[in-house]
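Structure file protein.cif; described as mmCIF, C-alpha atoms.
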```
data_run
#
loop_
_atom_site.label_atom_id
_atom_site.label_comp_id
_atom_site.auth_asym_id
_atom_site.auth_seq_id
_atom_site.Cartn_x
_atom_site.Cartn_y
_atom_site.Cartn_z
CA MET A 1 -46.31 -32.13 13.94
CA GLN A 2 -50.02 -32.54 13.55
CA ASP A 3 -50.15 -29.75 10.98
CA SER A 4 -48.23 -31.83 8.51
CA GLN A 5 -50.48 -34.87 8.56
CA VAL A 6 -51.92 -35.74 5.21
CA HIS A 7 -55.70 -35.49 5.16
CA ALA A 8 -57.00 -38.08 2.78
CA ASP A 9 -60.63 -37.23 3.34
CA ASN A 10 -60.36 -33.43 3.55
CA THR A 11 -62.06 -33.25 6.94
CA ALA A 12 -60.93 -30.41 9.17
CA HIS A 13 -58.39 -31.51 11.75
CA SER A 14 -58.60 -30.04 15.21
CA VAL A 15 -55.33 -28.07 14.86
CA HIS A 16 -55.86 -27.60 11.17
CA GLU A 17 -57.29 -24.29 9.94
CA GLU A 18 -60.31 -24.38 7.68
CA HIS A 19 -59.29 -23.96 4.10
CA PRO A 20 -60.72 -24.82 0.73
CA ALA A 21 -60.09 -28.36 -0.39
CA TYR A 22 -58.02 -27.17 -3.32
CA LEU A 23 -55.54 -25.24 -1.19
CA ARG A 24 -52.37 -27.30 -0.90
CA HIS A 25 -50.58 -27.31 2.43
CA HIS A 26 -47.34 -25.79 1.23
CA PHE A 27 -49.11 -22.52 0.45
CA ASN A 28 -50.16 -19.89 2.96
CA SER A 29 -53.28 -18.90 1.09
CA ALA A 30 -55.31 -19.59 -2.01
CA GLU A 31 -54.13 -16.26 -3.40
CA GLN A 32 -50.50 -17.28 -3.02
CA GLN A 33 -51.22 -20.62 -4.63
CA ALA A 34 -52.90 -18.97 -7.59
CA ASP A 35 -50.03 -16.48 -7.94
CA ALA A 36 -47.46 -19.28 -7.88
CA ALA A 37 -49.35 -21.22 -10.53
CA GLY A 38 -49.63 -18.16 -12.75
CA PHE A 39 -45.94 -17.38 -12.35
CA ALA A 40 -45.01 -20.93 -13.31
CA MET A 41 -47.27 -20.79 -16.35
CA TRP A 42 -45.64 -17.56 -17.50
CA LEU A 43 -42.19 -19.09 -17.08
CA PHE A 44 -43.26 -21.96 -19.31
CA LEU A 45 -44.64 -19.52 -21.88
CA LEU A 46 -41.32 -17.69 -21.88
CA THR A 47 -39.54 -20.94 -22.73
CA GLU A 48 -42.00 -21.24 -25.59
CA VAL A 49 -41.12 -17.70 -26.68
CA MET A 50 -37.46 -18.72 -26.85
CA PHE A 51 -38.40 -21.90 -28.71
CA PHE A 52 -40.41 -20.16 -31.41
CA GLY A 53 -37.96 -17.27 -31.19
CA GLY A 54 -35.20 -19.47 -32.57
CA LEU A 55 -37.35 -20.27 -35.60
CA PHE A 56 -38.25 -16.62 -36.07
CA THR A 57 -34.56 -15.67 -35.93
CA ALA A 58 -33.72 -18.22 -38.60
CA TYR A 59 -36.55 -16.80 -40.68
CA LEU A 60 -35.21 -13.29 -40.15
CA VAL A 61 -31.74 -14.17 -41.41
CA TYR A 62 -32.86 -16.13 -44.47
CA ARG A 63 -35.53 -13.67 -45.49
CA ASN A 64 -32.90 -10.95 -45.56
CA TRP A 65 -30.48 -13.08 -47.56
CA TYR A 66 -32.95 -14.50 -50.08
CA TYR A 67 -35.68 -11.88 -50.19
CA PRO A 68 -36.91 -12.48 -53.81
CA ALA A 69 -37.28 -16.21 -53.09
CA PHE A 70 -39.27 -15.43 -49.96
CA VAL A 71 -41.53 -13.06 -51.85
CA SER A 72 -42.20 -15.62 -54.58
CA GLY A 73 -42.71 -18.34 -52.02
CA SER A 74 -45.17 -16.25 -50.03
CA HIS A 75 -47.27 -15.68 -53.14
CA GLN A 76 -47.98 -19.39 -53.11
CA LEU A 77 -49.84 -18.95 -49.83
CA ASN A 78 -53.50 -18.04 -49.96
CA VAL A 79 -54.13 -14.76 -48.13
CA VAL A 80 -57.84 -15.50 -47.78
CA TRP A 81 -57.20 -18.74 -45.91
CA GLY A 82 -54.48 -17.13 -43.84
CA ALA A 83 -56.58 -14.12 -42.89
CA THR A 84 -59.56 -16.37 -42.16
CA ASN A 85 -57.41 -18.46 -39.84
CA THR A 86 -56.21 -15.31 -38.12
CA VAL A 87 -59.81 -14.20 -37.55
CA VAL A 88 -60.73 -17.70 -36.34
CA LEU A 89 -57.95 -17.65 -33.75
CA ILE A 90 -58.76 -14.13 -32.63
CA PHE A 91 -62.35 -15.18 -32.02
CA SER A 92 -61.11 -18.27 -30.18
CA SER A 93 -59.04 -16.04 -27.91
CA PHE A 94 -62.17 -14.02 -27.25
CA THR A 95 -64.22 -17.10 -26.39
CA MET A 96 -61.37 -18.34 -24.17
CA ALA A 97 -61.27 -15.00 -22.33
CA MET A 98 -65.04 -15.23 -21.91
CA GLY A 99 -64.50 -18.71 -20.50
CA VAL A 100 -62.19 -17.29 -17.85
CA TRP A 101 -64.81 -14.67 -16.98
CA CYS A 102 -67.47 -17.38 -16.70
CA ALA A 103 -65.24 -19.44 -14.41
CA GLN A 104 -64.53 -16.42 -12.20
CA THR A 105 -68.20 -15.46 -12.00
CA ARG A 106 -69.22 -19.09 -11.47
CA ARG A 107 -71.24 -19.45 -14.64
CA ARG A 108 -70.94 -23.18 -15.24
CA ARG A 109 -72.98 -23.36 -18.44
CA GLY A 110 -71.39 -20.21 -19.81
CA LEU A 111 -67.98 -21.70 -19.16
CA VAL A 112 -68.85 -24.94 -20.94
CA LEU A 113 -70.23 -22.99 -23.89
CA SER A 114 -67.15 -20.76 -24.09
CA LEU A 115 -64.79 -23.71 -23.96
CA ALA A 116 -66.83 -25.60 -26.54
CA LEU A 117 -66.75 -22.62 -28.92
CA THR A 118 -63.01 -22.30 -28.41
CA PHE A 119 -62.70 -26.01 -29.17
CA ILE A 120 -64.71 -25.72 -32.39
CA LEU A 121 -62.78 -22.65 -33.54
CA GLY A 122 -59.52 -24.47 -32.84
CA LEU A 123 -60.64 -27.40 -34.96
CA SER A 124 -61.70 -25.00 -37.72
CA PHE A 125 -58.21 -23.54 -37.72
CA LEU A 126 -56.70 -26.98 -38.14
CA GLY A 127 -59.19 -27.81 -40.88
CA ILE A 128 -58.16 -24.76 -42.88
CA LYS A 129 -54.49 -25.61 -42.35
CA THR A 130 -55.22 -29.07 -43.75
CA ILE A 131 -56.68 -27.50 -46.88
CA GLU A 132 -53.62 -25.30 -47.25
CA TYR A 133 -51.15 -28.12 -46.65
CA ARG A 134 -52.93 -30.32 -49.16
CA GLU A 135 -52.50 -27.67 -51.82
CA LYS A 136 -48.79 -27.42 -51.03
CA ILE A 137 -48.43 -31.18 -51.39
CA GLU A 138 -50.27 -31.20 -54.71
CA LYS A 139 -48.11 -28.43 -56.12
CA HIS A 140 -44.89 -30.12 -54.99
CA HIS A 141 -43.92 -27.33 -52.65
CA VAL A 142 -43.04 -29.61 -49.76
CA PRO A 143 -39.26 -29.53 -49.20
CA GLY A 144 -37.58 -32.79 -49.96
CA PHE A 145 -37.27 -35.28 -52.79
CA HIS A 146 -40.36 -34.11 -54.64
CA TYR A 147 -39.80 -30.37 -54.34
CA SER A 148 -40.38 -28.60 -57.62
CA LEU A 149 -38.89 -25.28 -58.72
CA GLN A 150 -41.26 -25.14 -61.68
CA SER A 151 -43.51 -22.38 -60.29
CA PHE A 152 -40.51 -20.14 -59.66
CA LEU A 153 -38.40 -20.77 -62.76
CA ASP A 154 -41.46 -20.37 -64.95
CA PRO A 155 -44.15 -18.40 -63.12
CA GLN A 156 -46.54 -18.60 -66.04
CA SER A 157 -46.80 -22.35 -65.50
CA ASP A 158 -48.78 -21.47 -62.40
CA PRO A 159 -51.68 -19.45 -63.86
CA GLU A 160 -53.61 -18.78 -60.64
CA VAL A 161 -50.69 -17.20 -58.83
CA TYR A 162 -49.30 -15.53 -61.96
CA ALA A 163 -52.62 -13.82 -62.69
CA GLU A 164 -52.50 -12.13 -59.32
CA TYR A 165 -48.84 -11.28 -58.89
CA HIS A 166 -47.08 -11.42 -62.28
CA ASP A 167 -43.88 -12.57 -60.59
CA LYS A 168 -40.73 -12.44 -62.64
CA ALA A 169 -38.94 -15.73 -63.12
CA LEU A 170 -36.24 -16.33 -60.55
CA GLU A 171 -32.67 -17.23 -61.46
CA PRO A 172 -32.02 -20.92 -60.66
CA ASP A 173 -29.75 -20.02 -57.72
CA MET A 174 -32.37 -17.83 -56.10
CA ALA A 175 -35.21 -20.19 -57.05
CA ARG A 176 -33.45 -22.92 -55.04
CA HIS A 177 -33.97 -20.87 -51.91
CA THR A 178 -37.74 -21.05 -52.15
CA GLU A 179 -37.34 -24.53 -50.70
CA LEU A 180 -35.84 -22.84 -47.64
CA TYR A 181 -38.87 -20.58 -47.41
CA PHE A 182 -41.17 -23.59 -47.46
CA SER A 183 -39.01 -25.40 -44.91
CA LEU A 184 -39.55 -22.51 -42.54
CA TYR A 185 -43.23 -22.35 -43.47
CA PHE A 186 -43.82 -26.01 -42.63
CA LEU A 187 -41.59 -25.95 -39.53
CA MET A 188 -43.16 -22.86 -38.03
CA THR A 189 -46.80 -23.50 -38.92
CA GLY A 190 -46.31 -27.18 -38.16
CA MET A 191 -44.96 -26.47 -34.69
CA HIS A 192 -47.78 -24.02 -34.19
CA ALA A 193 -50.33 -26.61 -35.34
CA LEU A 194 -48.84 -29.14 -32.91
CA HIS A 195 -49.40 -26.65 -30.11
CA MET A 196 -52.98 -26.19 -31.33
CA ILE A 197 -53.55 -29.96 -31.28
CA ILE A 198 -52.24 -30.24 -27.74
CA GLY A 199 -54.36 -27.27 -26.71
CA ILE A 200 -57.49 -28.74 -28.29
CA GLY A 201 -56.84 -32.01 -26.49
CA ILE A 202 -56.61 -30.27 -23.13
CA LEU A 203 -59.72 -28.25 -24.01
CA GLY A 204 -61.64 -31.48 -24.48
CA PHE A 205 -60.61 -32.60 -21.01
CA MET A 206 -61.51 -29.18 -19.59
CA ILE A 207 -64.99 -29.20 -21.13
CA LEU A 208 -65.79 -32.43 -19.33
CA ARG A 209 -64.39 -31.14 -16.01
CA ALA A 210 -66.15 -27.79 -16.45
CA TRP A 211 -69.46 -29.56 -16.97
CA ALA A 212 -68.84 -31.36 -13.68
CA GLY A 213 -68.44 -27.98 -12.00
CA ALA A 214 -64.74 -28.31 -11.22
CA TYR A 215 -63.88 -24.73 -12.22
CA THR A 216 -66.90 -22.79 -10.99
CA ALA A 217 -66.52 -23.37 -7.27
CA GLY A 218 -63.79 -20.86 -6.61
CA HIS A 219 -60.85 -22.73 -8.13
CA GLU A 220 -60.51 -21.47 -11.68
CA THR A 221 -56.70 -21.62 -11.86
CA PHE A 222 -56.63 -24.34 -14.51
CA VAL A 223 -58.90 -22.38 -16.82
CA VAL A 224 -56.96 -19.15 -16.32
CA ASN A 225 -53.59 -20.76 -16.97
CA PHE A 226 -54.81 -22.74 -19.96
CA GLY A 227 -56.14 -19.44 -21.26
CA LEU A 228 -52.62 -18.03 -21.06
CA TYR A 229 -51.39 -20.92 -23.20
CA TRP A 230 -54.18 -20.45 -25.71
CA HIS A 231 -53.60 -16.70 -26.03
CA PHE A 232 -49.91 -17.36 -26.50
CA ILE A 233 -50.66 -19.66 -29.46
CA ASP A 234 -52.82 -16.89 -30.88
CA ILE A 235 -49.98 -14.40 -30.58
CA VAL A 236 -47.55 -16.76 -32.33
CA TRP A 237 -50.02 -17.10 -35.21
CA ILE A 238 -50.46 -13.31 -35.43
CA TYR A 239 -46.73 -13.03 -36.11
CA LEU A 240 -46.64 -16.08 -38.40
CA PHE A 241 -49.42 -14.64 -40.54
CA ALA A 242 -47.73 -11.27 -40.87
CA LEU A 243 -44.31 -12.73 -41.63
CA LEU A 244 -45.16 -15.73 -43.84
CA TYR A 245 -48.22 -14.56 -45.76
CA LEU A 246 -47.81 -10.79 -46.03
CA ILE A 247 -44.19 -10.34 -47.08
CA SER A 248 -45.06 -8.34 -50.14
CA ARG A 249 -48.26 -8.56 -52.12
CA HIS A 250 -48.01 -5.39 -54.12
CA GLN A 251 -46.22 -6.69 -57.19
CA MET B 1 -50.78 2.86 -10.41
CA SER B 2 -47.94 2.19 -7.99
CA GLY B 3 -47.74 -0.65 -5.56
CA ASN B 4 -48.09 -4.34 -6.06
CA ASN B 5 -51.46 -5.60 -7.20
CA GLU B 6 -52.14 -8.12 -4.47
CA HIS B 7 -55.66 -8.77 -5.65
CA ALA B 8 -54.59 -9.63 -9.16
CA HIS B 9 -56.20 -13.04 -9.01
CA HIS B 10 -59.52 -11.54 -7.90
CA ILE B 11 -59.71 -9.02 -10.71
CA VAL B 12 -62.58 -9.93 -12.99
CA VAL B 13 -62.33 -8.42 -16.45
CA GLY B 14 -65.77 -8.12 -17.99
CA PRO B 15 -67.04 -9.01 -21.46
CA GLY B 16 -67.19 -5.34 -22.42
CA VAL B 17 -63.42 -5.02 -22.32
CA TYR B 18 -63.00 -8.27 -24.22
CA LEU B 19 -65.36 -7.13 -26.94
CA VAL B 20 -63.44 -3.90 -27.45
CA ILE B 21 -60.17 -5.82 -27.73
CA LEU B 22 -61.76 -8.33 -30.12
CA PHE B 23 -62.84 -5.50 -32.36
CA ALA B 24 -59.40 -3.88 -32.20
CA LEU B 25 -57.73 -7.16 -33.15
CA LEU B 26 -60.05 -7.70 -36.11
CA LEU B 27 -59.40 -4.14 -37.24
CA GLY B 28 -55.67 -4.71 -36.97
CA THR B 29 -55.95 -7.84 -39.09
CA ALA B 30 -57.81 -6.00 -41.83
CA LEU B 31 -55.30 -3.17 -41.67
CA THR B 32 -52.26 -5.41 -41.95
CA VAL B 33 -53.71 -7.32 -44.93
CA TRP B 34 -54.53 -4.04 -46.68
CA ALA B 35 -51.08 -2.61 -45.95
CA SER B 36 -49.36 -5.59 -47.53
CA TYR B 37 -51.00 -4.71 -50.87
CA VAL B 38 -49.64 -1.16 -50.80
CA ASP B 39 -46.08 -0.51 -51.88
CA LEU B 40 -44.44 1.24 -48.96
CA GLY B 41 -40.94 0.05 -49.78
CA LEU B 42 -38.81 -0.49 -46.72
CA TRP B 43 -41.72 0.40 -44.44
CA ASN B 44 -43.82 -2.66 -45.34
CA PRO B 45 -42.16 -5.06 -42.90
CA VAL B 46 -41.92 -2.32 -40.25
CA ILE B 47 -45.63 -1.64 -40.42
CA ALA B 48 -46.51 -5.33 -40.52
CA LEU B 49 -44.46 -5.98 -37.39
CA ALA B 50 -45.77 -2.86 -35.69
CA ILE B 51 -49.38 -3.94 -36.24
CA ALA B 52 -48.60 -7.51 -35.16
CA THR B 53 -46.86 -6.25 -32.02
CA THR B 54 -49.77 -3.94 -31.18
CA LYS B 55 -52.16 -6.88 -31.49
CA ALA B 56 -49.87 -9.02 -29.34
CA VAL B 57 -49.66 -6.31 -26.68
CA LEU B 58 -53.46 -6.03 -26.58
CA VAL B 59 -53.78 -9.79 -26.15
CA VAL B 60 -51.13 -9.85 -23.41
CA LEU B 61 -52.50 -6.87 -21.47
CA TYR B 62 -56.22 -7.60 -21.63
CA PHE B 63 -56.91 -11.20 -22.65
CA MET B 64 -54.06 -12.47 -20.50
CA HIS B 65 -54.86 -9.98 -17.72
CA VAL B 66 -51.30 -8.71 -17.46
CA LYS B 67 -52.55 -5.13 -17.09
CA TYR B 68 -54.18 -6.20 -13.84
CA SER B 69 -51.47 -8.53 -12.68
CA THR B 70 -48.77 -8.44 -10.01
CA LYS B 71 -45.42 -6.75 -10.47
CA LEU B 72 -43.84 -10.21 -10.44
CA THR B 73 -45.81 -11.24 -13.50
CA LYS B 74 -44.99 -8.04 -15.35
CA LEU B 75 -41.31 -8.32 -14.49
CA THR B 76 -41.22 -11.96 -15.58
CA ILE B 77 -42.68 -11.10 -18.97
CA ILE B 78 -40.33 -8.18 -19.50
CA ALA B 79 -37.38 -10.41 -18.61
CA GLY B 80 -38.56 -12.93 -21.18
CA ILE B 81 -38.92 -10.31 -23.89
CA PHE B 82 -35.45 -9.04 -23.03
CA MET B 83 -33.99 -12.51 -23.51
CA PHE B 84 -35.79 -12.89 -26.83
CA LEU B 85 -34.42 -9.54 -28.04
CA THR B 86 -30.97 -10.67 -26.92
CA LEU B 87 -31.38 -13.83 -28.98
CA ILE B 88 -32.20 -11.84 -32.08
CA SER B 89 -29.67 -9.05 -31.67
CA MET B 90 -26.70 -11.24 -30.79
CA THR B 91 -27.47 -13.61 -33.67
CA LEU B 92 -27.79 -10.72 -36.09
CA ALA B 93 -24.61 -9.11 -34.76
CA ASP B 94 -22.78 -12.32 -35.57
CA TYR B 95 -24.15 -12.67 -39.10
CA ILE B 96 -23.82 -9.03 -40.05
CA SER B 97 -20.24 -8.77 -38.86
CA ARG B 98 -19.09 -11.85 -40.74
CA ALA B 99 -20.96 -11.24 -43.99
CA TRP B 100 -21.71 -14.93 -44.43
CA GLY B 101 -24.61 -14.28 -46.68
CA SER B 102 -25.68 -11.52 -48.95
CA TRP B 103 -26.04 -8.67 -46.49
#
```
Would it be possible to restate this file's structure as structure tokens?
Amino acid sequence: MQDSQVHADNTAHSVHEEHPAYLRHHFNSAEQQADAAGFAMWLFLLTEVMFFGGLFTAYLVYRNWYYPAFVSGSHQLNVVWGATNTVVLIFSSFTMAMGVWCAQTRRRRGLVLSLALTFILGLSFLGIKTIEYREKIEKHHVPGFHYSLQSFLDPQSDPEVYAEYHDKALEPDMARHTELYFSLYFLMTGMHALHMIIGIGILGFMILRAWAGAYTAGHETFVVNFGLYWHFIDIVWIYLFALLYLISRHQ
Amino acid sequence: MSGNNEHAHHIVVGPGVYLVILFALLLGTALTVWASYVDLGLWNPVIALAIATTKAVLVVLYFMHVKYSTKLTKLTIIAGIFMFLTLISMTLADYISRAWGSW
């Protein structure tokens, strides 16, 4: 069957219909290929929804059981940093969407710029998370051997947070559960940050390929599907911010 | 609009739409931060989740092009959300009915 011969040099075979170089032979058309790729990407994202979903469910149960501990724990998070990170990611989703538009309308430089901005915003997000994590480490709020209940048994020992929220001291039993809150905080934001790191790595690769014109010649599938991944990470953060930072700030 | 969107991959969503969604998302962020400082009792978490879900829906529909996508894509996403809701509801049904914690 001459149709099934592999063409190593992409030249048109005599019984072989003309088709773009990027169209694989097991697809009828470029449209079908793009649809299949998009479908597969969505399936992967749904597995990610179930993955993060498990963490969110654990959070849901423990927040209901140990609500005062979760409130006190959340007051240790800085709303300004959290909101700033949310804005940073929202802008990065915007620049990513603009990147997709540039790829579709064959704007090579615009695409590179959009991806570069997304890259920088992604790094900014991680930078702010580093600042936040460092503060947690310094205040001994990292679950484990050095976890300290001090801020929750005696809120006045933590003047910055006390000045804003005037939390009542927690009973020792309830104070213990703040470590659970921080476990979920580090697990969920840590997993999210890992996804950001992977995304930023792929972005770096994409910027180089975009500069070489790989995505502005009619084959923008990679950019579109990476965009789906990036928007998904944004959505996860939108929920993380609302659930971890904004439990209750009206004490 | 009925019928499968066979040109989903060709649909080009312009910067204008993206800018509107960007603005809506920023507004939602400000709103949710403000709402967390107001004592609305039991409604605080409801409102926080409602705003977060609205933002997520905007991202899914417009940034991720789902509004312009094929029925297959839409069905896939709905199936995924259904499974996620099953995860939550069945887990909660277990915990609530056994009173393991302090419900």
- Task: Kindly extract all protein, DNA and RNA residues lying within 12 Å of the coordinates (-39.7, -26.6, -43.3) given in the file, considering all atoms listed in the file, and supply them as a list in words.
- Result: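 The answer, in the requested form, is Leu55, Ala58, Tyr59, Lys136, His141, Val142, Pro143, Gly144, Tyr147, His177, Thr178, Glu179, Leu180, Tyr181, Phe182, Ser183, Leu184, Tyr185, Phe186, Leu187, Met188, Thr189, Gly190 and Met191 of chain A.
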Evaluate the PyMOL selection byres ((chain B) within 7 of (chain A)) here and jot the selected residues down as a PDB file with C-alpha atoms, in the coordinates of the input.
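Result file follows (out02.pdb):
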```
ATOM      1  CA  HIS B   9     -56.200 -13.040  -9.010  1.00  0.00           C
ATOM      2  CA  VAL B  12     -62.580  -9.930 -12.990  1.00  0.00           C
ATOM      3  CA  VAL B  13     -62.330  -8.420 -16.450  1.00  0.00           C
ATOM      4  CA  GLY B  14     -65.770  -8.120 -17.990  1.00  0.00           C
ATOM      5  CA  PRO B  15     -67.040  -9.010 -21.460  1.00  0.00           C
ATOM      6  CA  TYR B  18     -63.000  -8.270 -24.220  1.00  0.00           C
ATOM      7  CA  LEU B  22     -61.760  -8.330 -30.120  1.00  0.00           C
ATOM      8  CA  LEU B  26     -60.050  -7.700 -36.110  1.00  0.00           C
ATOM      9  CA  VAL B  33     -53.710  -7.320 -44.930  1.00  0.00           C
ATOM     10  CA  SER B  36     -49.360  -5.590 -47.530  1.00  0.00           C
ATOM     11  CA  TYR B  37     -51.000  -4.710 -50.870  1.00  0.00           C
ATOM     12  CA  VAL B  38     -49.640  -1.160 -50.800  1.00  0.00           C
ATOM     13  CA  ASP B  39     -46.080  -0.510 -51.880  1.00  0.00           C
ATOM     14  CA  ALA B  48     -46.510  -5.330 -40.520  1.00  0.00           C
ATOM     15  CA  ALA B  52     -48.600  -7.510 -35.160  1.00  0.00           C
ATOM     16  CA  ALA B  56     -49.870  -9.020 -29.340  1.00  0.00           C
ATOM     17  CA  VAL B  59     -53.780  -9.790 -26.150  1.00  0.00           C
ATOM     18  CA  PHE B  63     -56.910 -11.200 -22.650  1.00  0.00           C
ATOM     19  CA  MET B  64     -54.060 -12.470 -20.500  1.00  0.00           C
ATOM     20  CA  THR B  73     -45.810 -11.240 -13.500  1.00  0.00           C
ATOM     21  CA  GLY B  80     -38.560 -12.930 -21.180  1.00  0.00           C
ATOM     22  CA  PHE B  84     -35.790 -12.890 -26.830  1.00  0.00           C
ATOM     23  CA  ILE B  88     -32.200 -11.840 -32.080  1.00  0.00           C
ATOM     24  CA  GLY B 101     -24.610 -14.280 -46.680  1.00  0.00           C
ATOM     25  CA  SER B 102     -25.680 -11.520 -48.950  1.00  0.00           C
ATOM     26  CA  TRP B 103     -26.040  -8.670 -46.490  1.00  0.00           C
TER      27      TRP B 103
END
```
Centre and edges of the range 48-60 of chain B box, axis-aligned, 5 Å extra per side, as JSON:
```
{"center_x": -49.1, "center_y": -6.4, "center_z": -32.0, "size_x": 19.3, "size_y": 17.0, "size_z": 27.1}
```
- Message: Please compute the CA of Ile120 in chain A-CA of Leu89 in chain A distance, one decimal, in Å.
- Response: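 Value for the CA of Ile120 in chain A-CA of Leu89 in chain A distance: 10.6 Å.
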Export of range 58-69 of chain B: N, CA and C atoms, as a PDB file, in the first residue's frame:
```pdb
ATOM      1  N   LEU B  58     -15.755  32.056  33.401  1.00  0.00           N
ATOM      2  CA  LEU B  58     -15.308  33.025  32.393  1.00  0.00           C
ATOM      3  C   LEU B  58     -14.012  32.568  31.740  1.00  0.00           C
ATOM      4  N   VAL B  59     -13.074  32.074  32.559  1.00  0.00           N
ATOM      5  CA  VAL B  59     -11.807  31.597  32.004  1.00  0.00           C
ATOM      6  C   VAL B  59     -12.051  30.421  31.071  1.00  0.00           C
ATOM      7  N   VAL B  60     -12.900  29.477  31.516  1.00  0.00           N
ATOM      8  CA  VAL B  60     -13.154  28.286  30.699  1.00  0.00           C
ATOM      9  C   VAL B  60     -13.841  28.663  29.377  1.00  0.00           C
ATOM     10  N   LEU B  61     -14.874  29.490  29.456  1.00  0.00           N
ATOM     11  CA  LEU B  61     -15.645  29.795  28.251  1.00  0.00           C
ATOM     12  C   LEU B  61     -14.874  30.628  27.240  1.00  0.00           C
ATOM     13  N   TYR B  62     -14.146  31.654  27.729  1.00  0.00           N
ATOM     14  CA  TYR B  62     -13.555  32.611  26.804  1.00  0.00           C
ATOM     15  C   TYR B  62     -12.054  32.445  26.621  1.00  0.00           C
ATOM     16  N   PHE B  63     -11.295  32.331  27.731  1.00  0.00           N
ATOM     17  CA  PHE B  63      -9.853  32.151  27.553  1.00  0.00           C
ATOM     18  C   PHE B  63      -9.546  30.788  26.968  1.00  0.00           C
ATOM     19  N   MET B  64     -10.324  29.777  27.383  1.00  0.00           N
ATOM     20  CA  MET B  64     -10.072  28.418  26.898  1.00  0.00           C
ATOM     21  C   MET B  64     -10.949  28.082  25.700  1.00  0.00           C
ATOM     22  N   HIS B  65     -11.693  29.064  25.208  1.00  0.00           N
ATOM     23  CA  HIS B  65     -12.450  28.934  23.957  1.00  0.00           C
ATOM     24  C   HIS B  65     -13.571  27.909  24.009  1.00  0.00           C
ATOM     25  N   VAL B  66     -13.999  27.496  25.179  1.00  0.00           N
ATOM     26  CA  VAL B  66     -14.997  26.432  25.230  1.00  0.00           C
ATOM     27  C   VAL B  66     -16.331  26.899  24.652  1.00  0.00           C
ATOM     28  N   LYS B  67     -16.608  28.212  24.778  1.00  0.00           N
ATOM     29  CA  LYS B  67     -17.850  28.739  24.225  1.00  0.00           C
ATOM     30  C   LYS B  67     -17.927  28.493  22.720  1.00  0.00           C
ATOM     31  N   TYR B  68     -16.756  28.428  22.082  1.00  0.00           N
ATOM     32  CA  TYR B  68     -16.734  28.298  20.627  1.00  0.00           C
ATOM     33  C   TYR B  68     -16.321  26.896  20.206  1.00  0.00           C
ATOM     34  N   SER B  69     -16.365  25.970  21.147  1.00  0.00           N
ATOM     35  CA  SER B  69     -15.787  24.666  20.848  1.00  0.00           C
ATOM     36  C   SER B  69     -16.846  23.667  20.405  1.00  0.00           C
TER      37      SER B  69
END
```
